[in-house]
Every structure is written in structure tokens, then in C-alpha cells.
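Raw contents of input23.cif, mmCIF, C-alpha atoms:
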```
data_coords
loop_
_atom_site.label_atom_id
_atom_site.label_comp_id
_atom_site.auth_asym_id
_atom_site.auth_seq_id
_atom_site.Cartn_x
_atom_site.Cartn_y
_atom_site.Cartn_z
CA MET A 239 0.00 0.00 0.00
CA PHE A 240 2.68 2.45 0.96
CA ARG A 241 4.54 1.67 -2.25
CA ARG A 242 1.47 2.50 -4.35
CA ILE A 243 1.12 5.91 -2.77
CA THR A 244 4.79 6.61 -3.24
CA PHE A 245 4.50 5.62 -6.92
CA ILE A 246 1.58 7.94 -7.49
CA LEU A 247 3.40 10.88 -5.92
CA ILE A 248 6.49 10.27 -8.04
CA LEU A 249 4.35 10.00 -11.18
CA THR A 250 2.57 13.23 -10.34
CA LEU A 251 5.84 15.10 -9.87
CA ILE A 252 7.12 13.84 -13.20
CA LEU A 253 4.00 14.95 -15.02
CA THR A 254 4.09 18.33 -13.35
CA ALA A 255 7.66 18.92 -14.34
CA CYS A 256 6.88 18.18 -17.95
CA GLY A 257 3.91 20.74 -18.20
CA GLY A 258 4.08 24.57 -18.12
CA ALA A 259 3.69 26.43 -14.91
CA ALA A 260 0.08 27.09 -14.07
CA PRO A 261 -0.90 30.78 -13.90
CA ALA A 262 -1.12 32.28 -10.50
CA ALA A 263 -4.57 32.61 -9.10
CA THR A 264 -4.24 36.41 -8.94
CA GLU A 265 -2.59 36.75 -12.33
CA ALA A 266 -4.90 38.47 -14.80
CA PRO A 267 -5.57 36.53 -17.91
CA ALA A 268 -3.55 37.57 -20.89
CA ALA A 269 -5.21 40.31 -22.89
CA THR A 270 -6.98 39.08 -25.91
CA GLU A 271 -4.99 39.98 -28.97
CA ALA A 272 -6.60 42.93 -30.68
CA PRO A 273 -8.00 42.01 -34.00
CA VAL A 274 -6.12 43.23 -36.97
CA ALA A 275 -7.83 46.35 -38.25
CA THR A 276 -9.23 45.94 -41.65
CA GLU A 277 -7.55 48.40 -43.95
CA GLU A 278 -10.05 50.88 -45.19
CA PRO A 279 -10.17 51.34 -48.89
CA ALA A 280 -8.03 54.22 -49.97
CA ALA A 281 -9.80 57.35 -50.97
CA THR A 282 -10.16 57.87 -54.64
CA GLU A 283 -7.18 59.76 -55.81
CA ALA A 284 -7.81 63.24 -57.15
CA PRO A 285 -7.08 63.45 -60.84
CA ASP A 286 -3.78 64.90 -61.81
CA GLN A 287 -5.49 67.79 -63.62
CA PRO A 288 -8.12 69.82 -61.76
CA ILE A 289 -11.55 69.47 -63.18
CA VAL A 290 -12.61 72.80 -64.59
CA SER A 291 -16.34 73.10 -64.56
CA GLU A 292 -17.66 74.64 -67.73
CA ALA A 293 -18.95 78.15 -67.04
CA LEU A 294 -22.65 78.39 -67.58
CA PRO A 295 -23.81 81.30 -69.71
CA THR A 296 -25.02 84.20 -67.62
CA ARG A 297 -28.78 84.60 -67.94
CA GLU A 298 -29.73 88.08 -68.94
CA PRO A 299 -32.35 89.59 -66.61
CA LEU A 300 -35.78 89.47 -68.10
CA PRO A 301 -37.24 92.86 -68.91
CA SER A 302 -39.64 94.09 -66.30
CA SER A 303 -43.26 93.77 -67.21
CA THR A 304 -43.87 97.24 -65.81
CA ALA A 305 -43.76 99.73 -68.62
CA ALA A 306 -41.53 102.74 -68.18
CA PRO A 307 -43.52 105.80 -67.10
CA THR A 308 -44.39 108.05 -69.99
CA ALA A 309 -43.72 111.71 -69.42
CA THR A 310 -47.02 113.55 -69.32
CA PRO A 311 -46.86 116.72 -71.37
CA ILE A 312 -47.60 119.86 -69.45
CA ILE A 313 -50.74 121.40 -70.77
CA THR A 314 -50.90 125.13 -70.38
CA PRO A 315 -54.48 126.22 -70.13
CA THR A 316 -55.36 128.82 -72.70
CA GLU A 317 -58.10 131.32 -72.22
CA THR A 318 -60.86 130.87 -74.75
CA GLN A 319 -61.69 134.24 -76.19
CA LEU A 320 -65.40 134.89 -76.47
CA PRO A 321 -66.76 136.48 -79.61
CA PRO A 322 -67.37 140.23 -79.54
CA LEU A 323 -70.81 141.42 -78.51
CA ASP A 324 -73.51 141.63 -81.10
CA LEU A 325 -74.42 145.32 -81.25
CA PRO A 326 -77.66 146.68 -82.66
CA THR A 327 -77.53 148.77 -85.78
CA GLU A 328 -77.24 152.47 -85.04
CA ALA A 329 -80.59 154.19 -85.35
CA VAL A 330 -81.08 156.69 -88.15
CA ASN A 331 -81.22 160.27 -86.95
CA ALA A 332 -80.36 159.17 -83.43
CA PRO A 333 -80.12 161.92 -80.81
CA VAL A 334 -76.72 163.25 -79.85
CA ARG A 335 -77.04 161.75 -76.38
CA MET A 336 -78.94 158.72 -75.17
CA VAL A 337 -79.45 157.36 -71.66
CA TRP A 338 -78.94 153.94 -70.11
CA ASP A 339 -81.00 153.34 -66.95
CA GLY A 340 -80.74 150.34 -64.67
CA THR A 341 -81.17 148.88 -61.19
CA PRO A 342 -78.37 149.65 -58.70
CA THR A 343 -76.21 146.61 -57.99
CA TYR A 344 -76.00 147.51 -54.28
CA PRO A 345 -79.70 147.84 -53.39
CA GLY A 346 -79.01 147.57 -49.67
CA ASP A 347 -76.87 150.71 -49.85
CA SER A 348 -79.24 152.57 -52.17
CA THR A 349 -82.48 154.42 -51.56
CA PRO A 350 -85.39 152.21 -52.64
CA GLY A 351 -87.35 153.37 -55.68
CA TYR A 352 -84.37 154.82 -57.57
CA ALA A 353 -82.45 153.70 -60.64
CA PHE A 354 -79.08 154.73 -61.99
CA ARG A 355 -78.72 156.65 -65.24
CA VAL A 356 -75.71 157.30 -67.44
CA THR A 357 -75.62 159.26 -70.71
CA TYR A 358 -73.69 158.05 -73.76
CA ASP A 359 -72.93 158.96 -77.36
CA PRO A 360 -74.83 156.54 -79.68
CA ASP A 361 -72.10 156.96 -82.31
CA LEU A 362 -69.66 155.31 -79.88
CA TRP A 363 -71.83 153.05 -77.71
CA ALA A 364 -74.86 150.78 -77.98
CA VAL A 365 -77.01 149.20 -75.28
CA THR A 366 -76.73 145.41 -75.44
CA SER A 367 -76.17 142.39 -73.14
CA ASP A 368 -72.81 140.99 -72.09
CA GLN A 369 -71.76 137.34 -72.35
CA PHE A 370 -73.63 136.58 -69.12
CA GLY A 371 -76.88 138.19 -70.24
CA PHE A 372 -76.59 141.34 -68.13
CA PRO A 373 -77.25 144.83 -69.56
CA ALA A 374 -74.13 146.47 -70.92
CA LEU A 375 -72.81 149.17 -73.22
CA GLY A 376 -70.68 147.94 -76.11
CA HIS A 377 -68.22 150.20 -77.90
CA ARG A 378 -68.91 150.45 -81.62
CA ASN A 379 -65.32 151.24 -82.65
CA ILE A 380 -63.25 149.27 -80.12
CA GLU A 381 -63.97 145.58 -80.18
CA TYR A 382 -64.32 143.93 -76.75
CA CYS A 383 -64.56 147.32 -75.00
CA VAL A 384 -67.61 146.84 -72.76
CA ILE A 385 -69.19 148.60 -69.77
CA ALA A 386 -71.25 146.10 -67.74
CA VAL A 387 -72.95 146.21 -64.35
CA THR A 388 -71.17 144.35 -61.56
CA ALA A 389 -70.99 143.90 -57.81
CA GLY A 390 -68.29 142.84 -55.39
CA ARG A 391 -67.13 139.23 -55.78
CA GLY A 392 -64.14 137.02 -55.12
CA LEU A 393 -61.18 137.05 -57.47
CA PRO A 394 -58.89 134.26 -58.67
CA ALA A 395 -55.59 133.86 -56.81
CA ASN A 396 -53.61 135.04 -59.86
CA ILE A 397 -55.44 138.40 -59.97
CA SER A 398 -54.11 141.37 -58.01
CA MET A 399 -55.96 144.64 -57.49
CA GLU A 400 -54.84 148.24 -57.22
CA HIS A 401 -57.28 150.83 -55.94
CA ASP A 402 -57.73 154.50 -56.64
CA VAL A 403 -60.51 157.07 -56.27
CA LEU A 404 -62.22 159.00 -59.07
CA TYR A 405 -64.08 162.19 -58.24
CA THR A 406 -66.55 163.79 -60.64
CA ASP A 407 -69.03 166.65 -60.23
CA ASN A 408 -71.82 164.44 -58.88
CA VAL A 409 -70.34 161.05 -57.98
CA THR A 410 -67.36 159.43 -56.34
CA PHE A 411 -66.01 156.10 -57.62
CA ASP A 412 -63.74 153.58 -56.01
CA VAL A 413 -61.60 152.39 -58.93
CA GLY A 414 -60.19 148.87 -58.84
CA VAL A 415 -57.60 147.95 -61.49
CA ALA A 416 -57.17 144.19 -61.90
CA TYR A 417 -53.84 142.74 -63.07
CA GLU A 418 -52.99 139.20 -64.13
CA ASN A 419 -49.26 138.52 -64.29
CA GLY A 420 -48.65 142.24 -64.60
CA VAL A 421 -51.16 142.69 -67.44
CA LYS A 422 -54.17 144.94 -66.93
CA LYS A 423 -57.29 142.78 -67.36
CA PHE A 424 -60.27 144.95 -66.35
CA VAL A 425 -61.23 147.96 -64.22
CA THR A 426 -64.15 148.30 -61.81
CA TYR A 427 -65.93 151.51 -60.83
CA THR A 428 -68.08 151.43 -57.70
CA GLY A 429 -69.84 154.53 -56.43
CA GLY A 430 -72.91 156.71 -56.45
CA ASP A 431 -74.38 160.15 -55.91
CA GLY A 432 -75.51 159.64 -52.34
CA THR A 433 -78.89 158.19 -53.36
CA ILE A 434 -77.79 155.05 -55.14
CA ILE A 435 -74.63 152.93 -55.03
CA THR A 436 -73.86 150.78 -58.04
CA GLY A 437 -70.92 149.12 -59.73
CA PHE A 438 -69.59 148.84 -63.28
CA GLU A 439 -66.85 146.79 -64.87
CA VAL A 440 -64.97 147.93 -67.96
CA SER A 441 -63.37 145.07 -69.90
CA PHE A 442 -61.16 145.25 -72.98
CA GLN A 443 -58.69 143.46 -75.22
CA ASP A 444 -56.93 146.15 -77.25
CA GLN A 445 -56.72 149.95 -77.18
CA VAL A 446 -56.96 149.84 -73.40
CA ASP A 447 -56.35 153.55 -72.78
CA ALA A 448 -58.85 154.66 -75.43
CA CYS A 449 -61.47 152.26 -74.10
CA LEU A 450 -61.03 153.44 -70.51
CA ALA A 451 -61.10 157.12 -71.52
CA ASP A 452 -64.42 156.70 -73.36
CA ALA A 453 -65.82 154.61 -70.48
CA VAL A 454 -64.94 157.25 -67.86
CA THR A 455 -66.70 159.87 -70.01
CA VAL A 456 -69.89 157.80 -69.78
CA LEU A 457 -69.60 156.88 -66.09
CA SER A 458 -68.93 160.46 -65.05
CA THR A 459 -72.54 161.29 -66.01
CA LEU A 460 -73.96 158.87 -63.41
CA LYS A 461 -76.96 160.09 -61.42
CA SER A 462 -80.03 158.63 -59.73
CA VAL A 463 -83.58 158.97 -61.10
CA PRO A 464 -86.91 157.73 -59.76
CA VAL A 465 -87.82 154.33 -61.11
CA SER A 466 -91.01 155.91 -62.56
CA GLN A 467 -88.84 158.08 -64.82
CA ALA A 468 -86.40 155.37 -65.82
CA THR A 469 -86.25 154.63 -69.52
CA PRO A 470 -87.13 151.00 -70.32
CA GLN A 471 -84.29 149.27 -72.10
CA PRO A 472 -84.88 146.99 -75.09
#
```

Structure translated into C-alpha cells:
Amino acid sequence: MFRRITFILILTLILTACGGAAPAATEAPAATEAPVATEEPAATEAPDQPIVSEALPTREPLPSSTAAPTATPIITPTETQLPPLDLPTEAVNAPVRMVWDGTPTYPGDSTPGYAFRVTYDPDLWAVTSDQFGFPALGHRNIEYCVIAVTAGRGLPANISMEHDVLYTDNVTFDVGVAYENGVKKFVTYTGGDGTIITGFEVSFQDQVDACLADAVTVLSTLKSVPVSQATPQP
């Protein structure tokens, strides 16, 4: 029995000597060999010559659908000249002086029951109506020279007025001279003899001084008469 045990021990020692040393209990196991990294495929090599991209043609901008503004011509308003007044034929064997009677244009400042009267030369003037249908005296020799009744009213912004005073034997007139861009356009005469107050406007185109001189000759004869004595006008 003893021999068998001894034989087993000797056999064990022999086998142990032939094998490798066992790893220590505390020894960490050998690290697992890292796998060989798979070589990534090489990037595609850039061509020897750089690739030049073909330049695309530049697109011209499309024309705008909005039409270019058209310059609007400046229209200068022109004054339409009215035809001259239609004057009645001069009466045969007419008196040297005739009268024009009418209603004062300032009735609130006039004595009721009175009319104005002016005296005129029928060779130079004729009783007619102006372009607005009001009674007027038209000059026979100076076209567009007219004496018409008027009253105070507003004026356009481009009209400026200069005032003066005209004294005659029986009447006093406030004279208003209207200018447009420095050009004399018409003259107003507003006054009376203390009984009536009335207004007149003298308009003209040519021969301004001659027209005004003949008009003042007529207006200087202004006086008031009872309506019962006023001469009816055609």
C-alpha cells in the first residue's frame, strides 16, 4: 500500500515537471490579442489635372413687365376768347345823347325806388347784353370794349388789385384795377351820388387807354332817377 502511494506521488511530480507552470490565481488573464484592423479602402485619388467646370452662360435679366412711365406733357391752359358782342344797328337820326338806366347793384346801400342813369354817345356806344346776359354798353369802334354792371365778388388767386378814387361833379367812384401777371385785365368803378350805389366793370382786349377814356366819359354822367322816370331798355 505504501509503495502505491509513493509511486503515485512520483508520477505526479514527473507529469508536473513536464507541463508549463500554471498561472497564478491572482494573475490576470492575458489580454486578448486585438484584431487586426481591416484596412479601409483608400480614398479615390484626385485626378492629376483639376476638373474645370464649364462656365454656364449668364442669364440676362428678363425685362420688367412694368412699362416705363411716360412723361405727361404739361398742358398750359389757354383762355378761350369769347366772340365780340352783337351790337344793334345804329338808329337813323339818333339823338346826340342817349341814356342807359338800370337797377343799382347795391340795393341795400341805395335808396329804394331809384335807378341809376348814365348818358352816352350813340355813335360810340350801344345798349346790349354781355356774355352773361346782363345789360351792358358795347363800344362800336373798339372791339371787346364793354361797360357792364357788376358787384363785389371774389377774385382768382392770380389776380391782383390796385385801388384809386375817381371824383366827378356828382359822384365818387372807387376804382379797382385788376392785373394778371402784370397785365391789366379789367377795371371796376363802384360809387354813387348819395342816393344810389352801383358798380360797373370795364373790360377790354386792345386799345386799353382809349377804351377806358371813353368809359370814364360815360360813367362820369352817373346820377339817380326815380324808377317811374327810368327809360325802359330793349

- For atom CA of A:Phe442 and atom CA of A:Trp363, quote the distance in Å rounded to one decimal.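 Going from atom CA of A:Phe442 over to atom CA of A:Trp363 covers 14.0 Å.
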
- Item | Pick from A:Leu450, A:Ala395, A:Ala389, A:Val365 nearest to A:Val415, counting all atoms listed in the file |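 Closest residue, counting all atoms listed in the file: A:Leu450.
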
- Please, which residues are within 9 Å of (-76.9, 144.8, -67.7) by the file's coordinates, counting all atoms listed in the file, and could they come as a PyMOL selection string? chain A and resi 340-341+365-368+370-375+385-388

- Item | Expected selection from the PyMOL selection byres ((chain A and resi 390) around 12), given as a ChimeraX atom specification | /A:343-344,387-389,391-393,412,414,426-429,435-439

- Item | Ground truth for the PyMOL selection byres ((chain A and resi 347) around 10), written as a ChimeraX atom specification | /A:342-346,348-350,430,432-436

- Message: Please report the interatomic distance between atom CA of A:Glu381 and atom CA of A:Lys461 in Å with one decimal.
- Response: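 Spanning atom CA of A:Glu381 to atom CA of A:Lys461 is a straight-line distance of 27.0 Å.
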
- Item | stretch 463-470 of chain A surroundings by all atoms listed in the file, 6 Å radius, close-in-sequence under 2 positions cut, as a ChimeraX atom specification | /A:339,351-353

- Which of these residues is nearest to A:Val337, using only C-alpha atoms: A:Met399, A:Pro394, A:Val446, A:Thr459?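 Closest to A:Val337, using only C-alpha atoms: A:Thr459.
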
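Here atom CA of A:His377 is placed at a distance of 9.3 Å from atom CA of A:Pro360.
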